[in-house]
Amino acid sequence: MKEFDIISTRANRIDTPDKATGRAVFVDDISRPGMLYGALLQSPHAHAKILSIDTSKAEKLKGVKAVITSKDAGSIKYGVSPARYDETVFAIDKVRYVGDEIAAVAAESLDIALAAVDLIKVEYEILPAVLTIEEAMKDGAPLLHEGSPKNLCAEVHQEFGNVEEGLKNSDIIITTKMKNKRQDGAFIEMQGCIAEFDNLGVLTLTSSTQVPHYVQRTVAMVLGMDIGKVRVIKPYVGAGFGIKASANPMELACCILARKTKKPVKMNYTRDQVFMLARARHQFSHTITTGAKKDGTLMAIKHECWLDGGAYTSFGIATVYYTGSLLGGPYKLDNMSYDGYRVYNNKPACGAQRGHGAVIARAAFEQQLDMIAEKIGMDPLELRIKNMMETGDTTCNDLNMSSFGMSECIEAVRKGSGWDQKKGKMPKGKGIGMACGFFVSGAGYPIYRSDTWHGTVIVKLTEDGGTALVYTASAEIGQGSDTAFAMIAAETLGIPLENVRLASGDTDMGVDLGAYSSRQTLMTGHATKDAAEHAKRQVLEVLAEQLKAPVENMDIRNGFVEFKGAAPDFSELRTRYIKEHRGWIDNPTSEKLSFKEASRIAFLERGSIVGTGKYKPHNLGGKFKGAAVGTSPAYGCSAQVAEVTVDMETGQVTIDKITDAHDCGKAINLTSVEGQMQGSVSMGIGEAMHEEVIFDKQGRVLNHDLAEYKIVTSMDMPKVEAIVVESDEPNGPYGAKEVGEGAIMPTIPAILNAVYDAAGVRLNELPLTPERVYNAIQEYKEKNKIK
Amino acid sequence: MLLPKFEFHEPGSIKEALELKKKWGSTARFLAGGTDLLVHLKKKIITTDHIISLQRIESLARITAHPDFVEIGACATMAAISETPVIQAKFSALKSGVDNIGTHLIRNRATLGGNVCNASPAGDSLPALLIYKALVLLESLDGKREVPIEEFFKGPGKTDMKADEILTGFRLPNPPVHSGAHYIQLGKRKSSEINVVNVASFLEFDPKTKKIIDARIALGSVAATPIRSLKAEALLKGKIAEETSFYEAGEKARFEDCKPIDDFRGSAAYRRAMVGVLTKRTLTTAFKLAGR
Ligand SMILES: Cc1cc2nc3c(=O)[nH]c(=O)nc-3n(C[C@H](O)[C@H](O)[C@H](O)COP(=O)(O)OP(=O)(O)OC[C@H]3O[C@@H](n4cnc5c(N)ncnc54)[C@H](O)[C@@H]3O)c2cc1C
């Protein structure tokens with residue numbers, strides 16, 4: 001493999017000094033002269049007709065500058081997927097969940113804005129609300145949206161191969177159900193934004209978002225503006241996990257308030273509003289039937305899933321497809337069918353969250369693999385190896401594994417966990433379990449149908465030649481993408497990392513679809529590499545002209561020009577550079593011609609050296625309906641082993657250790673890869689063990705804060721041994737692919753398999769609260785007449 | 001969530017604080033660590049016009065060991081209590097109670113007095129105070145009074161304290177030799193948890209006969225206030241200190257002494273079952289510590 005100077009190291013993150021010293025600027029740190037504060041009026045009812053809205057008292061309150069409703073916002077529908085736009089900024093005729101937006105106020109202070117919101121009078125006619133899939137699907141149930149009978153938001157029916165035949169030829173058939181609970185992303189920074197118009201009518205929205213590009217498009221569409229007149233800037237962002245991967249109603253309301261008041265307006269969600277907006281992981285109810293031969297060969301999967309969608313589509317149409325398409329791999333399997341249904345109801349809308357659509361299906365299926373292994377007396381790890389896909393394989397639904405270090409991952413966790421010494425040999429109450437998974441490195445297609453580039457990057461060399469400026473519209477949200485792109489730019493240009501300055505997260509810098517579907521490292525990475533190559537080529541071309549040497553014989557590495565064979569005489573160039581450099585004390589004395597000299601000369605000859613780069617995937621996927629969802633230029637894969645202790649008297653599960661191996665292609669920054677692995681495990685443990693959004697009978701979230709919505713604390717986090725497995729991905733920049741989401745795939749089933757190993761109970765519902773595990777143990781004891 | 005506006009007072013003595021309280025009556029509230037009060041104000045569960053901070057009154061934060069007892073000032077923080085040698089040596093169940101409150105950040109601010117005044121059935125320090133027979137020390141402009149802790153709690157958030165009183169501290173008699181105590185809390189996650197069940201037990205035994213001389217068991221999160229498990233305690237007295245006795249006490253506590261409810265944190269049936277398990281386990285450990 002190629003030797004690298006910068007990538008594949010543990011370079012310090014470029015945002016660390018800012019974050020460590022508190023200098024990193026987040027939306028909440030920003031204020032503008034004359035800025036107003038906005039607040040939203042949100043529905044207290046889960047389902048109600050709006051009979052009238054009276055804003056007169058609110059408007060009269062001193063300090064209030066504007067009160068807006070659907071009269072100001074209009075009736076343009078928006079959402080995530082254009083074919084499924086079903087939201088308006090403010091409710092027009094009715095509200096569909098507790099939290100549906102009705103009006104907004106801008107005032108001189110937040111206190112005044114909130115007081116004004118309380119003065120808006122809305123007359124409601126309460127409608128019966130449906131809060132579950134069952135209620136929503138009942139005959140005669142009230143409908144949320146016209147044109148969606150039975151409240152069915154979307155359904156998918158797919159079959160690949162012949163499932164019936166596959167099951168007929170199976171020796172073992174296992175059917176189980178699996179259900180999770182609605183999640184919250186629990187990112188640390190609640191959404192916030194500032195909207196402002198300049199005197200030329202250009203709108204700048206500064207927002208805590210993962211996707212400046214999609215927000216820009218949505219804002220332009222809803223406000224009826226040219227895209228070129230809307231600029232979206234993303235400052236530092238405290239994570240998103242998928243929830244911030246689309247425009248939210250607050251951003252839109254904020255822009256409309258800014259337009260109406262002609263002043264900058266700032267808005268923030270409180271934590272309970274974050275829970276009200278939701279858009280995190282759905283509740284999935286899976287029924288999966290898997291067939292296998294006596295020798296462990298997997299034959300067929302029959303998969304049905306119901307998604308509890310909430311009041312709007314949001315990402316749901318993609319979710320319901322992903323749920324089916326990302327199940328079969330990483331195993332060889334010819335026959336797979338999927339029937340997916342997403343149902344509307346009067347709760348906040350669910351959307352995308354790390355491991356989009358696929359996490360719970362995997363939790364069900366990977367348990368079934370263990371059940372099959374147990375039945376045929378095979379080590380579950382061997383069963384997986386037996387069925388493993390290999391590099392170059394394509395799934396029955398046309399997903400191509402252009403690189404696939406799956407077996408390396410399995411071997412790494414086998415060794416790292418001491419599997420062979422432990423499996424089947426642990427005392428009662430202690431258990432070990434494993435699971436595998438895979439995930440996309442970026443969606444193969446944009447959310448709206450288009451031939452657009454998925455990412456464009458500009459690399460500009462400063463006129464003195466010393467520094468490369470990288471401009472990308474991609475979104476650093478804490479995952480470390482800025483550092484990764486700076487490293488890729490430095491590697492490609494052949495200069496030290498400290499000579500790269502990077503700016504990102506601004507739609508004025510180009511097009512980038514943003515931080516979702518684990519796409520940026522591969523896609524923005526490609527565009528960065530492309531732009532850096534373009535800039536470098538220009539410098540070398542000038543050198544070739546000046547030195548009358550063939551361009552193929554030159555390269556730049558570690559900040560110096562390298563020549564194949566004997567270096568030509570560059571003393572004339574150096575003299576010219578030094579003359580330019582009068583008054584400075586750092587005149588070059590090195591034996592080699594420096595990059596700085598070369599790029600200064602290039603500037604003198606050609607003006608600004610600007611490299612541009614772009615990326616979009618090649619055509620991917622099959623021809624069937626929904627074939628696009630699940631496609632990706634590359635797939636990451638992973639294996640995990642969980643070791644647990646189950647307290648047989650209380651049902652408390654302690655996770656003692658997770659051994660995690662992930663094939664991320666070439667690791668651009670090893671530390672960041674491990675960070676993503678650790679973070680994924682932590683989120684997976686939270687979902688497995690205690691996270692759950694709970695509603696009351698009126699459709700209000702009961703646990704709308706981080707005291708009652710229980711994410712993992714440092715005390716719950718086990719030791720995580722993160723093993724980075726590197727493969728060379730042909731479709732990735734320098735061979736890189738994803739790690740951000742794939743790493744969560746095996747966590748939940750590995751824990752569930754370990755709990756079974758420890759306690760003899762299979763749980764088909766999350767989270768594994770002590771009470772749920774206790775009840776399962778009691779049931780098991782009764783059934784097996786154990787005291 | 002914004003903090004509502006209020007006037008802030010910082011008296012330097014108990015007397016001054018009491019005078020302010022008398023002046024502003026029910027429109028004023030005392031502030032100790034603020035970890036309950038500020039949350040309640042932000043969530044608009046309560047309102048107030050005046051906040052009287054107790055943080056400048058040094059005497060309220062003192063922890064003093066006397067020959068026969070220890071006095072803990074109402075404003076002693078959980079962190080300070082945890083680090084005090086006499087607490088570590090003689091009141092280990094209280095130490096583990098305060099160590100289980102929130103996070104480091106919370107424990108650096110939260111006070112024992114605040115936890116008691118907040119009177120949550122799930123409060124982490126309360127079962128230990130019950131088994132150590134703490135006396136609650138109260139003071140008003142009219143004088144001082146002492147209330148046994150088991151008479152102090154009147155319901156969730158309700159106590160015996162009068163509107164014109166300050167809680168000044170607690171007096172805990174030293175436990176006898178050959179005694180031990182232990183506390184366990186159970187929640188969904190391992191820290192920052194609101195308990196599903198929490199139990200503290202105290203045990204004194206005769207090393208010659210192995211007979212239990214005295215036992216006190218306190219149950220949290222299974223009634224409107226933390227409660228003593230009197231039937232289980234009675235069952236233990238005179239019995240041999242051993243696993244079966246502890247198990248029987250647990251079953252007694254589970255079926256006869258607690259009145260849990262179903263809520264979104266846990267069902268009544270599970271809470272009962274855990275009262276049994278945790279009672280048995282705290283007694284087992286208390287016995288181990290008593291034999292040291
Ligand atoms: C994140 C978080 C986690 C928490 N975790 C736990 C936990 O695990 N276990 C647990 O039990 N609790 C927990 N709590 C609750 C809280 O921290 C405790 O109840 C704490 O002991 C309260 O003490 P304080 O000093 O902060 O009280 P404050 O908030 O200052 O006061 C609470 C109440 O008592 C009154 N008061 C306080 N001191 C006096 C006094 N000397 N005289 C008269 N009245 C007084 C106040 O007026 C107020 O009404 C948590 C709170 C938070 C915010």
# chains A, B, ... in the order shown; residues from 1 in each chain; ligands from 1
>>> residues_near_ligand(ligand="ligand 1", cutoff="8 Å", atoms="only C-alpha atoms and all ligand atoms", output="PyMOL selection string")
(chain A and resi 707) or (chain B and resi 29-39+54+60+74-75+77-78+98+100-103+106-107+109-120+122-126+161+165-169+191-195)
>>> write_last_selection(atoms="N, CA and C atoms", output="compact mmCIF listing (two decimals), in the first residue's frame")
# COMPACT_ATOMS: atom_id res chain seq x y z
N ALA A 707 -32.86 14.35 32.54
CA ALA A 707 -32.91 13.65 33.82
C ALA A 707 -33.75 12.39 33.66
N ARG B 29 -38.37 32.12 49.94
CA ARG B 29 -37.89 30.75 50.09
C ARG B 29 -36.40 30.74 50.40
N PHE B 30 -36.00 29.75 51.20
CA PHE B 30 -34.57 29.60 51.48
C PHE B 30 -33.89 28.88 50.33
N LEU B 31 -32.66 29.28 50.12
CA LEU B 31 -31.84 28.64 49.10
C LEU B 31 -30.62 28.02 49.76
N ALA B 32 -30.44 26.73 49.57
CA ALA B 32 -29.21 26.09 50.07
C ALA B 32 -28.31 25.85 48.85
N GLY B 33 -28.31 24.65 48.30
CA GLY B 33 -27.50 24.40 47.09
C GLY B 33 -28.23 24.83 45.83
N GLY B 34 -29.54 24.90 45.92
CA GLY B 34 -30.33 25.34 44.77
C GLY B 34 -30.62 24.26 43.74
N THR B 35 -30.17 23.04 43.99
CA THR B 35 -30.32 22.02 42.95
C THR B 35 -31.75 21.50 42.82
N ASP B 36 -32.56 21.72 43.81
CA ASP B 36 -33.99 21.48 43.64
C ASP B 36 -34.72 22.79 43.36
N LEU B 37 -34.39 23.79 44.16
CA LEU B 37 -35.14 25.05 44.10
C LEU B 37 -35.07 25.68 42.70
N LEU B 38 -33.89 25.79 42.14
CA LEU B 38 -33.76 26.47 40.85
C LEU B 38 -34.43 25.67 39.75
N VAL B 39 -34.35 24.35 39.84
CA VAL B 39 -35.02 23.50 38.85
C VAL B 39 -36.52 23.74 38.93
N LEU B 54 -28.78 30.75 52.12
CA LEU B 54 -28.18 30.35 53.38
C LEU B 54 -26.68 30.11 53.23
N LEU B 60 -23.95 26.80 59.42
CA LEU B 60 -24.88 25.82 58.86
C LEU B 60 -24.17 24.74 58.05
N ALA B 74 -27.20 21.75 58.23
CA ALA B 74 -28.14 21.56 57.13
C ALA B 74 -27.52 21.87 55.78
N CYS B 75 -26.57 22.83 55.78
CA CYS B 75 -25.99 23.24 54.50
C CYS B 75 -24.68 22.53 54.18
N THR B 77 -22.57 20.09 52.28
CA THR B 77 -22.83 19.51 50.96
C THR B 77 -22.61 18.01 51.00
N MET B 78 -23.19 17.34 50.02
CA MET B 78 -23.03 15.90 49.91
C MET B 78 -21.55 15.54 49.78
N VAL B 98 -25.24 9.62 50.23
CA VAL B 98 -24.89 10.92 49.62
C VAL B 98 -24.03 10.72 48.37
N ASN B 100 -24.52 8.61 46.18
CA ASN B 100 -25.38 8.22 45.07
C ASN B 100 -26.22 9.36 44.53
N ILE B 101 -26.07 10.52 45.08
CA ILE B 101 -26.88 11.65 44.60
C ILE B 101 -26.24 12.23 43.34
N GLY B 102 -27.02 12.28 42.29
CA GLY B 102 -26.64 12.98 41.06
C GLY B 102 -25.24 12.69 40.58
N THR B 103 -24.54 13.77 40.29
CA THR B 103 -23.19 13.70 39.73
C THR B 103 -22.25 14.47 40.64
N ILE B 106 -23.42 18.01 41.02
CA ILE B 106 -24.56 18.15 41.93
C ILE B 106 -24.11 17.97 43.37
N ARG B 107 -23.28 16.97 43.61
CA ARG B 107 -22.86 16.69 45.00
C ARG B 107 -22.04 17.82 45.59
N ARG B 109 -22.80 20.86 45.26
CA ARG B 109 -23.73 21.94 45.62
C ARG B 109 -24.84 21.46 46.56
N ALA B 110 -25.36 20.28 46.26
CA ALA B 110 -26.54 19.80 46.98
C ALA B 110 -26.23 19.62 48.46
N THR B 111 -27.18 19.99 49.31
CA THR B 111 -26.98 19.88 50.75
C THR B 111 -27.91 18.81 51.34
N LEU B 112 -27.49 18.34 52.51
CA LEU B 112 -28.31 17.33 53.20
C LEU B 112 -29.65 17.96 53.61
N GLY B 113 -29.60 19.20 54.10
CA GLY B 113 -30.84 19.89 54.49
C GLY B 113 -31.79 20.02 53.32
N GLY B 114 -31.25 20.35 52.16
CA GLY B 114 -32.09 20.49 50.97
C GLY B 114 -32.74 19.17 50.59
N ASN B 115 -31.98 18.10 50.68
CA ASN B 115 -32.52 16.78 50.33
C ASN B 115 -33.68 16.42 51.26
N VAL B 116 -33.51 16.75 52.55
CA VAL B 116 -34.54 16.43 53.54
C VAL B 116 -35.76 17.34 53.34
N CYS B 117 -35.52 18.64 53.12
CA CYS B 117 -36.66 19.55 52.91
C CYS B 117 -37.40 19.22 51.63
N ASN B 118 -36.69 18.75 50.64
CA ASN B 118 -37.34 18.39 49.38
C ASN B 118 -38.26 17.19 49.56
N ALA B 119 -37.93 16.35 50.56
CA ALA B 119 -38.81 15.25 50.99
C ALA B 119 -39.34 14.40 49.85
N SER B 120 -38.45 14.06 48.93
CA SER B 120 -38.86 13.14 47.87
C SER B 120 -38.87 11.72 48.45
N ALA B 122 -38.02 9.25 47.09
CA ALA B 122 -36.87 8.56 46.53
C ALA B 122 -35.54 9.17 46.97
N GLY B 123 -35.57 10.21 47.78
CA GLY B 123 -34.36 10.92 48.18
C GLY B 123 -33.28 9.97 48.67
N ASP B 124 -32.06 10.17 48.20
CA ASP B 124 -31.01 9.19 48.44
C ASP B 124 -30.43 9.21 49.83
N SER B 125 -30.50 10.35 50.52
CA SER B 125 -29.88 10.39 51.85
C SER B 125 -30.89 10.01 52.94
N LEU B 126 -32.15 9.93 52.57
CA LEU B 126 -33.19 9.83 53.61
C LEU B 126 -33.24 8.48 54.32
N MET B 161 -41.75 20.95 59.01
CA MET B 161 -41.16 22.28 59.22
C MET B 161 -42.21 23.38 59.02
N GLU B 165 -39.65 28.59 60.16
CA GLU B 165 -38.49 27.86 60.69
C GLU B 165 -37.38 27.67 59.65
N ILE B 166 -36.19 27.51 60.22
CA ILE B 166 -35.05 27.07 59.41
C ILE B 166 -34.64 25.70 59.92
N LEU B 167 -34.25 24.86 59.01
CA LEU B 167 -33.65 23.59 59.41
C LEU B 167 -32.17 23.90 59.61
N THR B 168 -31.68 23.66 60.82
CA THR B 168 -30.27 24.02 61.06
C THR B 168 -29.34 22.82 60.93
N GLY B 169 -29.86 21.62 61.15
CA GLY B 169 -28.96 20.48 61.02
C GLY B 169 -29.57 19.20 61.55
N SER B 191 -25.92 5.85 37.27
CA SER B 191 -25.78 7.08 38.06
C SER B 191 -26.78 8.12 37.57
N SER B 192 -26.83 9.26 38.26
CA SER B 192 -27.80 10.31 37.92
C SER B 192 -29.18 9.73 37.76
N GLU B 193 -29.60 8.97 38.71
CA GLU B 193 -30.82 8.21 38.55
C GLU B 193 -31.84 8.62 39.59
N ILE B 194 -33.10 8.61 39.21
CA ILE B 194 -34.16 8.73 40.20
C ILE B 194 -34.56 7.31 40.56
N ASN B 195 -34.45 7.00 41.83
CA ASN B 195 -34.52 5.60 42.23
C ASN B 195 -35.85 4.95 41.90
>>> closest_atom_pairs(of="chain B", to="chain A", cutoff="10 Å", atoms="only C-alpha atoms", output="tab-separated table")
residue	atom	partner	partner_atom	distance
B:Met1	CA	A:Thr270	CA	6.6
B:Leu2	CA	A:Asp111	CA	8.0
B:Pro4	CA	A:Asp111	CA	9.3
B:Gly102	CA	A:Ala707	CA	9.6
B:Thr103	CA	A:Thr713	CA	9.7
B:Leu186	CA	A:Gln652	CA	8.6
B:Gly187	CA	A:Pro770	CA	7.8
B:Lys188	CA	A:Thr769	CA	5.8
B:Arg189	CA	A:Asp716	CA	6.6
B:Lys190	CA	A:Asp716	CA	5.6
B:Ser191	CA	A:Met715	CA	6.3
B:Ser192	CA	A:Ala707	CA	7.4
B:Glu193	CA	A:Ala707	CA	7.5
B:Ile194	CA	A:Glu708	CA	8.0
B:Val196	CA	A:Glu771	CA	9.7
B:Phe264	CA	A:Ile694	CA	8.0
B:Arg265	CA	A:Glu708	CA	9.1
B:Gly266	CA	A:Glu771	CA	7.1
B:Ser267	CA	A:Glu771	CA	8.1
B:Ala269	CA	A:Glu771	CA	9.5
B:Tyr270	CA	A:Glu771	CA	6.3
B:Arg271	CA	A:Glu771	CA	8.8
B:Ala273	CA	A:Thr650	CA	8.3
B:Met274	CA	A:Thr650	CA	6.5
B:Gly276	CA	A:Glu649	CA	9.8
B:Val277	CA	A:Glu649	CA	6.9
B:Leu278	CA	A:Thr650	CA	8.7
>>> closest_residue(among="A:Tyr734, A:Tyr37, A:Phe284, A:Phe26", to="Lys234 in chain A", atoms="only C-alpha atoms")
A:Phe26
>>> select_by_dssp(residues="range 455-582 of chain A", states="alpha helix (DSSP H)", output="PyMOL selection string")
chain A and resi 481-493+520-547+571-580
>>> residues_around(residues="Asp100 in chain A", least_positions_apart="5", cutoff="12 Å", atoms="only C-alpha atoms", output="VMD selection string")
chain A and resid 40 to 50 87 to 95 248 to 250 273 276 to 278 310 to 312 346 to 349 699 to 700
>>> select_by_dssp(residues="range 372-433 of chain A", states="strand (DSSP E or B)", output="list in words")
Met388, Thr394, Asn400, Lys430, Gly431, Ile432 and Gly433 of chain A
>>> residues_around(residues="Glu463 in chain A", least_positions_apart="3", cutoff="8 Å", atoms="only C-alpha atoms", output="list in words")
Gly466, Ser599, Arg600, Phe603 and Ser608 of chain A
>>> write_last_selection(atoms="C-alpha atoms", output="short mmCIF file (atom, residue, chain, number, x, y, z; two decimals), in the first residue's frame")
data_model
loop_
_atom_site.label_atom_id
_atom_site.label_comp_id
_atom_site.auth_asym_id
_atom_site.auth_seq_id
_atom_site.Cartn_x
_atom_site.Cartn_y
_atom_site.Cartn_z
CA GLY A 466 2.67 29.48 2.34
CA SER A 599 3.47 28.28 -5.24
CA ARG A 600 4.61 31.91 -4.93
CA PHE A 603 0.97 32.99 -8.26
CA SER A 608 -4.60 33.15 -7.75
#
